[in-house]
Amino acid sequence: MSALRKKFGDDYQVVTTSSSGSGFNQAPPEKKKKRQRFVDKNGRCNVQHGNLGGETSRYLSDLFTTLVDLKWRWNLFIFILTYTVAWLFMASMWWVIAYIRGDLHRTHDDKYTPCVANVYNFPSAFLFFIETEATIGYGYRYITDKCPEGIILFLFQSILGSIVDAFLIGCMFIKMSQPKKRAETLMFSEHAVISMRDGKQTLMFRVGNLRNSHMVSAQIRCKLLKSRQTPEGEFLPLDQLELDVGFSTGADQLFLVSPLTICHVIDTKSPFYELSQRSMQTEQFEIVVILEGIVETTGMTCQARTSYTEDEVLWGHRFFPVISLEEGFFKVDYSQFHATFEVPTLPYSVKEQEDALLLSSPLMAPSLCNSGDNRTSSLDGLEALEDSDSTAKLPTKLQKMTGGGCRDGLPRKLLRMSSTTSEMTYSLGDLPMKLQRISSVPGVSDDKLLLGKASKICTEPMSKSVADLPPKLQRLAGGGRMDGHLPPKLRKMNSDRFT
């Protein structure tokens with residue numbers, strides 16, 4: 001305990017899997033009645049099929065799979081019964097042939113050749129069949145060439161025996177080699193936990209492999225079983241929802257050589273987006289975990305299953321580390337496989353946390369003013385701005401320069417000047433140096449003086465002022481052409497506009 005506090009801090013407390021604390025000093029919730037599970041902890045699906053009616057004949061159409069799916073006691077019963085019936089039937093056939101031919105009454109006649117030598121009653125006929133079927137061949141009882149019906153029965157016996165052997169022995173072999181028992185060495189944690197990981201609220205559980213042989217291409221999936229009602233009023237008692245455990249990033253593909261912690265990030269796409277510590281006390285759901293992989297030794301696909309109900313999800317807990325570095329190898333301590341410890345975790349849902357964050361620090365979007373249709377041309381020769389859609393296509397700095405929204409921080413006189421020059425305003429940091437000096441000169445009270453100096457600045461050669469602007473602003477300022485490249489008439493008209 002002291003070592004754990006030294007490693008993780010005094011706020012953390014080790015708990016066992018039997019504890020149901022949440023990490024807060026609250027009264028323990030009242031224990032709810034154990035409800036019915038859809039999938040047991042050992043992976044058995046708690047479902048029974050009833051009222052099949054005439055559909056039971058479908059089981060006989062796939063007799064081999066039906067026999068494999070039966071329990072071991074029924075398999076052994078069918079195995080013994082089939083061989084016993086087959087042996088008795090074939091022994092009866094040999095006895096009937098001997099009885100019809102009269103071999104049973106002439107067994108001591110040395111001159112008479114029977115169908116099967118030394119068969120004089122039913123037990124001897126049964127022993128002859130067993131010796132022939134099992135290829136024991138003692139040599140005391142044998143078939144003779146004076147009995148064609150015996151030869152035909154012998155061929156039928158060989159074919160029938162091969163079919164029975166292939167069917168029953170194959171069925172038993174498949175059942176014994178099923179990888180279901182391999183799933184017994186795949187472990188799942190007894191509880192799932194909810195806590196913060198990488199700054200995100202996460203649902204976590206742990207899986208482990210007890211054998212040294214690997215699970216090739218191991219993949220894990222999670223299903224959430226929860227009752228719900230559709231907007232149309234339809235009630236779905238066991239609605240299945242997919243829980244993302246890393247399908248998009250490939251985290252669901254496991255290299256299962258040591259215990260791994262499987263994570264489901266609770267976000268807007270998660271079914272647990274609105275799940276809080278308080279609501280979990282009233283919710284009813286079941287998380288089904290399915291682990292699939294190929295057994296390395298046999299090459300057969302193995303599937304292990306388990307489930308977690310709402311009572312088995314611990315809020316504000318984290319799994320205890322089980323891997324330690326030893327001299328030359330990593331050691332896994334499975335005694336702490338199910339152990340968890342409490343960590344500080346907010347008892348609110350992700351939705352409640354995001355709403356509270358928005359209320360505490362609202363995002364102030366920049367105000368955009370609508371462009372007017374009656375804007376006049378400015379004294380600096382720039383044409384009227386286009387509508388807000390065209391302005392939005394400009395870069396960010398140009399939107400700040402051409403946008404008419406951020407005007408509150410400018411002087412009134414400069415605002416009045418901008419209202420007469422196509423509603424265009426500049427922040428002092430974006431104005432040319434001359435305009436900045438004009439706007440900061442004390443005692444300038446006449447608007448005409450300010451406009452006159454601004455017009456004087458704007459009447460400088462266009463080749464110097466426009467050429468320094470970006471290409472898009474050059475097009476706004478003069479159609480994208482500098483004054484030095486204009487025809488004489490247009491150049492004269494352009495100079496008349498500033499006089």
# chains A, B, ... in the order shown; residues from 1 in each chain; ligands from 1
$ residues_around --residues "Gly139 (chain A)" --least-positions-apart "2" --cutoff "12 Å" --atoms "only C-alpha atoms" --output "PyMOL selection string"
chain A and resi 116-118+127-128+131-132+135-137+141-143
$ write_last_selection --atoms "N, CA and C atoms" --output "tab-separated table (two decimals), in the first residue's frame"
chain	number	residue	atom	x	y	z
A	116	VAL	N	-20.35	-69.83	-43.43
A	116	VAL	CA	-19.30	-69.32	-42.54
A	116	VAL	C	-18.91	-70.46	-41.63
A	117	ALA	N	-17.66	-70.78	-41.64
A	117	ALA	CA	-17.19	-71.91	-40.84
A	117	ALA	C	-17.27	-71.58	-39.36
A	118	ASN	N	-17.70	-72.60	-38.61
A	118	ASN	CA	-17.75	-72.51	-37.15
A	118	ASN	C	-18.74	-71.47	-36.64
A	127	LEU	N	-19.66	-62.88	-32.93
A	127	LEU	CA	-18.22	-62.84	-32.84
A	127	LEU	C	-17.58	-62.78	-34.23
A	128	PHE	N	-18.16	-63.49	-35.20
A	128	PHE	CA	-17.63	-63.42	-36.56
A	128	PHE	C	-17.71	-62.00	-37.11
A	131	GLU	N	-15.03	-59.77	-35.36
A	131	GLU	CA	-13.68	-60.07	-35.84
A	131	GLU	C	-13.46	-59.52	-37.24
A	132	THR	N	-14.51	-59.59	-38.06
A	132	THR	CA	-14.37	-59.07	-39.43
A	132	THR	C	-14.36	-57.55	-39.45
A	135	THR	N	-11.25	-56.13	-38.03
A	135	THR	CA	-10.07	-56.72	-38.71
A	135	THR	C	-9.14	-57.40	-37.72
A	136	ILE	N	-9.75	-58.12	-36.77
A	136	ILE	CA	-8.94	-58.87	-35.82
A	136	ILE	C	-8.40	-60.14	-36.48
A	137	GLY	N	-9.33	-60.91	-37.08
A	137	GLY	CA	-8.90	-62.06	-37.87
A	137	GLY	C	-8.24	-63.16	-37.06
A	141	ARG	N	-13.07	-68.49	-37.48
A	141	ARG	CA	-14.30	-68.32	-38.25
A	141	ARG	C	-13.97	-67.53	-39.50
A	142	TYR	N	-14.45	-68.06	-40.64
A	142	TYR	CA	-14.13	-67.43	-41.92
A	142	TYR	C	-15.24	-67.76	-42.91
A	143	ILE	N	-15.38	-66.96	-43.93
A	143	ILE	CA	-16.38	-67.14	-44.97
A	143	ILE	C	-15.80	-68.04	-46.06
$ residues_around --residues "Ser324 (chain A)" --least-positions-apart "3" --cutoff "12 Å" --atoms "only C-alpha atoms" --output "PyMOL selection string"
chain A and resi 258-259+320-321+327-334+336
$ atom_distance --atom1 "CA of Asp62 (chain A)" --atom2 "CA of Gln157 (chain A)"
25.2 Å
$ atom_distance --atom1 "CA of Glu292 (chain A)" --atom2 "CA of Phe188 (chain A)"
13.1 Å
$ select_by_dssp --residues "region 168-395 of chain A" --states "strand (DSSP E)" --output "VMD selection string"
chain A and resid 186 to 188 192 to 197 200 to 209 215 to 229 235 to 243 253 to 254 260 to 265 286 to 295 301 to 309 313 to 315 317 to 319 323 to 325 330 to 332 340 to 342
$ residues_around --residues "region 85-99 of chain A" --least-positions-apart "5" --cutoff "12 Å" --atoms "only C-alpha atoms" --output "ChimeraX atom specification"
/A:78-80,104-107,113-134,142-143,147-158,160-165
$ closest_residue --among "A:Ser307, A:Gly208, A:Ile266, A:Glu184" --to "Cys222 (chain A)" --atoms "only C-alpha atoms"
A:Ser307
$ closest_residue --among "A:Asp69, A:Glu342, A:Asp252, A:Asp355" --to "Glu274 (chain A)" --atoms "only C-alpha atoms"
A:Asp355
$ atom_distance --atom1 "CA of Met196 (chain A)" --atom2 "CA of Pro347 (chain A)"
11.4 Å
$ residues_around --residues "Phe337 (chain A)" --least-positions-apart "2" --cutoff "7 Å" --atoms "only C-alpha atoms" --output "list in words"
Ser189, Val322, Tyr334, Ser335 and Ala339 of chain A
$ write_last_selection --atoms "all heavy atoms" --output "mmCIF file, in the first residue's frame"
data_model
loop_
_atom_site.group_PDB
_atom_site.id
_atom_site.type_symbol
_atom_site.label_atom_id
_atom_site.label_comp_id
_atom_site.auth_asym_id
_atom_site.auth_seq_id
_atom_site.Cartn_x
_atom_site.Cartn_y
_atom_site.Cartn_z
ATOM 1 N N SER A 189 -11.164 -9.009 -17.380
ATOM 2 C CA SER A 189 -11.287 -8.442 -16.044
ATOM 3 C C SER A 189 -12.727 -8.558 -15.557
ATOM 4 O O SER A 189 -13.676 -8.513 -16.347
ATOM 5 C CB SER A 189 -10.850 -6.978 -16.042
ATOM 6 O OG SER A 189 -11.638 -6.218 -16.950
ATOM 7 N N VAL A 322 0.306 -4.549 -13.921
ATOM 8 C CA VAL A 322 0.649 -5.947 -13.649
ATOM 9 C C VAL A 322 1.968 -6.362 -14.280
ATOM 10 O O VAL A 322 2.442 -7.474 -14.041
ATOM 11 C CB VAL A 322 -0.472 -6.889 -14.153
ATOM 12 C CG1 VAL A 322 -1.745 -6.669 -13.375
ATOM 13 C CG2 VAL A 322 -0.710 -6.704 -15.652
ATOM 14 N N TYR A 334 -0.476 -11.920 -12.391
ATOM 15 C CA TYR A 334 -1.905 -12.102 -12.606
ATOM 16 C C TYR A 334 -2.709 -12.025 -11.306
ATOM 17 O O TYR A 334 -3.936 -12.031 -11.357
ATOM 18 C CB TYR A 334 -2.167 -13.436 -13.298
ATOM 19 C CG TYR A 334 -1.981 -13.366 -14.793
ATOM 20 C CD1 TYR A 334 -0.792 -13.797 -15.380
ATOM 21 C CD2 TYR A 334 -2.978 -12.867 -15.627
ATOM 22 C CE1 TYR A 334 -0.608 -13.730 -16.749
ATOM 23 C CE2 TYR A 334 -2.798 -12.795 -16.988
ATOM 24 C CZ TYR A 334 -1.624 -13.224 -17.547
ATOM 25 O OH TYR A 334 -1.435 -13.149 -18.909
ATOM 26 N N SER A 335 -2.041 -11.941 -10.181
ATOM 27 C CA SER A 335 -2.785 -11.756 -8.933
ATOM 28 C C SER A 335 -3.413 -10.374 -8.855
ATOM 29 O O SER A 335 -4.379 -10.168 -8.112
ATOM 30 C CB SER A 335 -1.857 -11.973 -7.736
ATOM 31 O OG SER A 335 -0.816 -11.003 -7.723
ATOM 32 N N ALA A 339 -7.516 -6.201 -10.055
ATOM 33 C CA ALA A 339 -7.482 -5.144 -9.048
ATOM 34 C C ALA A 339 -7.556 -3.768 -9.696
ATOM 35 O O ALA A 339 -7.000 -3.533 -10.774
ATOM 36 C CB ALA A 339 -6.210 -5.266 -8.213
#
$ residues_around --residues "Ile262 (chain A)" --least-positions-apart "2" --cutoff "6 Å" --atoms "only C-alpha atoms" --output "count of residues only"
3
$ residues_around --residues "Tyr348 (chain A)" --least-positions-apart "2" --cutoff "8 Å" --atoms "only C-alpha atoms" --output "PyMOL selection string"
chain A and resi 275-278+346+350+352-353
$ write_last_selection --atoms "C-alpha atoms" --output "mmCIF file, in the first residue's frame"
data_model
loop_
_atom_site.group_PDB
_atom_site.id
_atom_site.type_symbol
_atom_site.label_atom_id
_atom_site.label_comp_id
_atom_site.auth_asym_id
_atom_site.auth_seq_id
_atom_site.Cartn_x
_atom_site.Cartn_y
_atom_site.Cartn_z
ATOM 1 C CA LEU A 275 -23.818 8.807 -19.065
ATOM 2 C CA SER A 276 -22.877 10.214 -15.662
ATOM 3 C CA GLN A 277 -22.155 8.625 -12.321
ATOM 4 C CA ARG A 278 -25.637 9.408 -11.105
ATOM 5 C CA LEU A 346 -15.591 14.111 -12.378
ATOM 6 C CA VAL A 350 -19.079 14.231 -21.209
ATOM 7 C CA GLU A 352 -22.446 18.006 -19.143
ATOM 8 C CA GLN A 353 -18.734 18.799 -19.045
#
$ closest_residue --among "A:Val313, A:Ile169, A:Arg305, A:Leu325" --to "Cys45 (chain A)" --atoms "only C-alpha atoms"
A:Arg305
